[in-house]
Amino acid sequence: MSDAVTVTNRDGVAVITLQSPPVNGLGFAVRTGLQAAIEAATSDDAVDALVVTGSGKMFSGGADISEFGQPPPPGTPHLPTVIDTIEASEKPVVAAIHGFALGGGLELALGCHVRLAAAGTRVALPEVTLGIVPGAGGTQRLPRLIGIPAALDVIVSGNMVPATRARTLGILDDVVDGDVVEAAVRRARQMVREGTPIRRASALEDRLAETRGKPEIFAEFRQTMSRRARGFEAPYACVDCIEAAANLPYAEGTAREREIFVRLLASDQSKAQRHAFFAERQVAKIPDVPKDTPLLPVKTAAVIGCGTMGGGIAMNFASAGIPVTVFEVSQEALDKGLAIIAKNYAATVAKGRLSQEEMDTRLGLISTTVSYDDLADADVVIEAVFEDMDLKKEVFGKLDTACKPDAILASNTSTLDVDEIASATRRPDKVIGTHFFSPANVMKLMENVRGAASSAQTIATIMKLSKTIGKVGVLVGICDGFVGNRMLYAYRRQADFLLEEGALPHQIDTVIYDFGMPMGPYAMGDLAGLDVGWRIRQRQAATRPAHLRYSTVADRICELGRFGQKTNAGWFRYEPGSRTPIPDPVVNDLVSQISAENGFTRRQVSDQEILERCMYPLVNEGAKILEEGLAPRASDIDVVWMYGYGFPRYRGGPMFWADLVGVKTIYDVMSRLHDEHGDYWLEPAPLLKRLAEQGKGFGDLDVVASFPWGSGPSPV
Ligand code: 3HC
Ligand code: NAI
């Protein structure tokens with residue numbers, strides 16, 4: 001027997017325990033051990049019944065994702081085989097579940113004859129989030145237990161199902177207080193004593209009868225999920241499997257599930273989604289910040305400025321149950337900011353996603369002040385005043401005096417140098433950037449910007465805080481635009497040039513939307529508002545290097561008073577009250593006019609050129625960022641783009657996607673584009689060139705481990 005599975009005999013009941021920390025993943029060793037344990041117990045006369053359980057924090061987190069794609073050692077049983085062996089047992093098998101039973105873990109439990117769970121357990125089939133379908137009978141057994149509509153919901157969403165709901169649905173037989181293994185042993189003995197007939201999920205038919213021969217159920221479901229699942233293969237494959245459960249005998253249904261599982265496992269989408277899973281976990285690991293760095297407790301927070309960002313940031317704290325004091329220049333500004341916060345919460349209540357009581361609790365956690373004296377107790381302060389260096393330094397100087405010495409002072413600046421802001425304090429080690437994305441109460445990304453003096457404790461505390469308030473924190477170094485906006489700029493710039501050369505906003509947006517982004521650059525501009533960028537460009541005009549190509553298209557749109565959705569006109573026009581962009585001949589004429597003014601003969605720009613010209617420079621800028629040591633891993637950049645800009649998860653983020661396309665292909669196109677257009681931003685990054693020459697990808701790079709960032713050695 002392997003160490004990964006242990007067996008103890010409790011007066012005739014074999015308790016088989018998975019012992020594979022941290023999540024009891026069902027890897028090669030566990031499957032081998034489990035199969036051997038089941039076979040031994042079922043043929044042992046001293047065993048009347050079996051209990052299968054987990055150890056540590058959970059029952060099982062499912063298949064070991066890190067082993068996907070690796071050939072198993074000879075003789076390793078497939079998970080479906082192990083589960084079929086369990087289900088076929090003539091002796092009762094009871095699953096004793098605690099913590100989580102996910103994916104293959106839940107499928108294992110579904111193969112048992114009875115499922116008991118400790119209170120607080122959560123179960124799910126999250127395979128869809130990894131770009132696959134449940135591959136160990138889950139799509140066939142679950143519908144037989146809970147019916148087709150509920151199974152569609154559970155499997156296609158991949159969502160966690162709390163124990164009580166799982167009990168109601170019929171996934172679990174009972175939720176027990178106290179020791180679940182003890183309860184399972186008792187239940188197993190009772191079954192033996194009373195000769196309770198064994199109930200095998202694969203043999204149940206009743207729940208299928210109600211939907212058999214009703215293809216419209218599946219057609220409708222596919223229709224309703226089409227917006228949410230746009231571009232993803234796995235949700236549709238899940239529906240196909242469940243439809244097979246409805247219409248085919250069990251054995252044929254499982255064969256179909258297996259075939260689809262194997263196909264998806266090898267797909268680029270699944271590779272990308274598995275990459276995303278690990279990238280999200282890697283991002284919290286900072287090479288020079290030890291895991292055991294003592295954190296500063298964050299029990300109270302303060303936010304300076306209650307405008308667009310400050311209000312949203314304050315909501316994050318309140319929603320996480322952390323009391324937050326909001327500071328503004330005047331009571332009037334506070335009242336205005338608070339009214340918007342209340343309106344935002346009320347909208348969530350109206351949608352049924354928050355109770356009125358919870359809204360009141362959250363609002364009760366937000367206090368307001370116009371006096372710095374009231375900030376003395378805050379553990380963390382986040383500044384979100386206007387984007388002006390002198391103002392920020394003034395505010396940080398005052399905070400330094402008013403706040404307790406170990407409070408962390410963070411800035412939400414989107415463009416300014418965090419080190420210069422820190423210089424206004426006597427605690428630069430406790431100063432850091434926390435770049436939230438708009439709307440700050442919704443968007444999950446936080447670019448945490450490390451200054452030269454930010455201490456390990458400050459970094460670790462802010463990274464943890466990101467998680468506590470439901471965000472994904474990515475640590476980045478200081479540079480213009482940080483990681484996300486710097487890359488965005490490289491892409492937006494080429495889009496405007498393409499307009500001058502022959503494309504139209506609608507065409508570019510369509511290509512980018514079809515690639516899988518939530519919207520194209522022009523619809524995004526209209527949503528965000530065009531005037532802020534215009535004002536910044538006006539200020540920069542005097543210092544803009546004359547030799548760099550500059551497109552005036554965006555400025556000319558603004559000169560017409562078209563600032564985006566807020567004026568019902570920008571790159572597109574909008575019907576009053578509608579957010580749907582409509583191509584506008586006024587813009588198209590203006591674009592043509594600008595082409596002519598600048599000596600361009602408009603040409604047919606292909607969709608492929610749009611994609612390459614927008615996305616490859618974005619990747620190229622990511623390569624520069626890596627080489628400059630402003631992000632420790634290519635996968636961190638992927639996380640920034642998935643969470644901050646909606647880069648399609650099924651493409652794994654721009655750097656992973658680049659590896660799928662082939663770094664050499666991207667390098668070759670960038671070289672050609674640079675030769676053709678001469679634009680500085682099209683110049684291939686040295687790292688891109690080296691990887692292309694070595695036949696490598698971004699996934700082959702090591703983590704940048706040296707600090708301060710920005711002066712580390714080249715990662716290759
Ligand atoms: N396979 C391999 N590694 C896994 C894993 C899995 N299924 N689940 C978690 N891990 C690893 C994580 O990468 C992490 O490793 P690290 O410490 O080196 O970074 C470690 O285990 C701990 O994970 P978390 O940080 O996520 O720990 P939490 O306690 O926050 O969460 C969890 C635990 C809820 C189980 C979460 O890890 C999770 O959701 N795991 C994935 C569950 C899943 O998707 N299962 C389906 C797998 S596919 C499948 O079963 C196919 C089948 O149908 C055939
Ligand atoms: P905003 O103009 O909506 O809000 C700024 C608020 O700061 C105003 O309510 C103002 O009264 C207040 N304020 C000004 N001086 C103050 C002072 N001395 N003390 C206290 N409050 C003061 O600006 P917005 O958009 O919220 O931006 C705030 C910061 O967030 C800026 O640094 C900006 O660059 C950054 N940011 C903005 C994003 C956006 O999309 N709007 C995205 C990410 C970062």
# chains A, B, ... in the order shown; residues from 1 in each chain; ligands from 1

call {"tool": "select_by_dssp", "arguments": {"residues": "range 119-266 of chain A", "states": "alpha helix (DSSP H)", "output": "ChimeraX atom specification"}}
result
/A:138-146,148-157,163-169,180-194,206-209,215-224,234-247,250-265

call {"tool": "residues_near_ligand", "arguments": {"ligand": "ligand 2", "cutoff": "6 Å", "atoms": "only C-alpha atoms and all ligand atoms", "output": "list in words"}}
result
Ile304, Gly305, Cys306, Gly307, Thr308, Met309, Gly310, Phe327, Glu328, Val329, Ala333, Ala384, Val385, Phe386, Glu387, Val395, Asn412, Thr413, Ser414, His435, Phe436, Phe437 and Ser438 of chain A

call {"tool": "residues_near_ligand", "arguments": {"ligand": "ligand 1", "cutoff": "9 Å", "atoms": "only C-alpha atoms and all ligand atoms", "output": "PyMOL selection string"}}
result
chain A and resi 21-27+57-58+60-68+78-80+99-107+122+124-130+132-138+158+261+274+277-282+284-285

call {"tool": "residues_around", "arguments": {"residues": "Val239 in chain A", "least_positions_apart": "6", "cutoff": "9 Å", "atoms": "only C-alpha atoms", "output": "MDAnalysis selection string"}}
result
chainID A and resid 139 152 155:156 218 221:222

call {"tool": "closest_residue", "arguments": {"among": "A:Arg263, A:Cys403, A:Arg537, A:Pro686", "to": "Leu626 in chain A", "atoms": "only C-alpha atoms"}}
result
A:Pro686

call {"tool": "atom_distance", "arguments": {"atom1": "CA of Val175 in chain A", "atom2": "CA of Gly352 in chain A"}}
result
27.3 Å
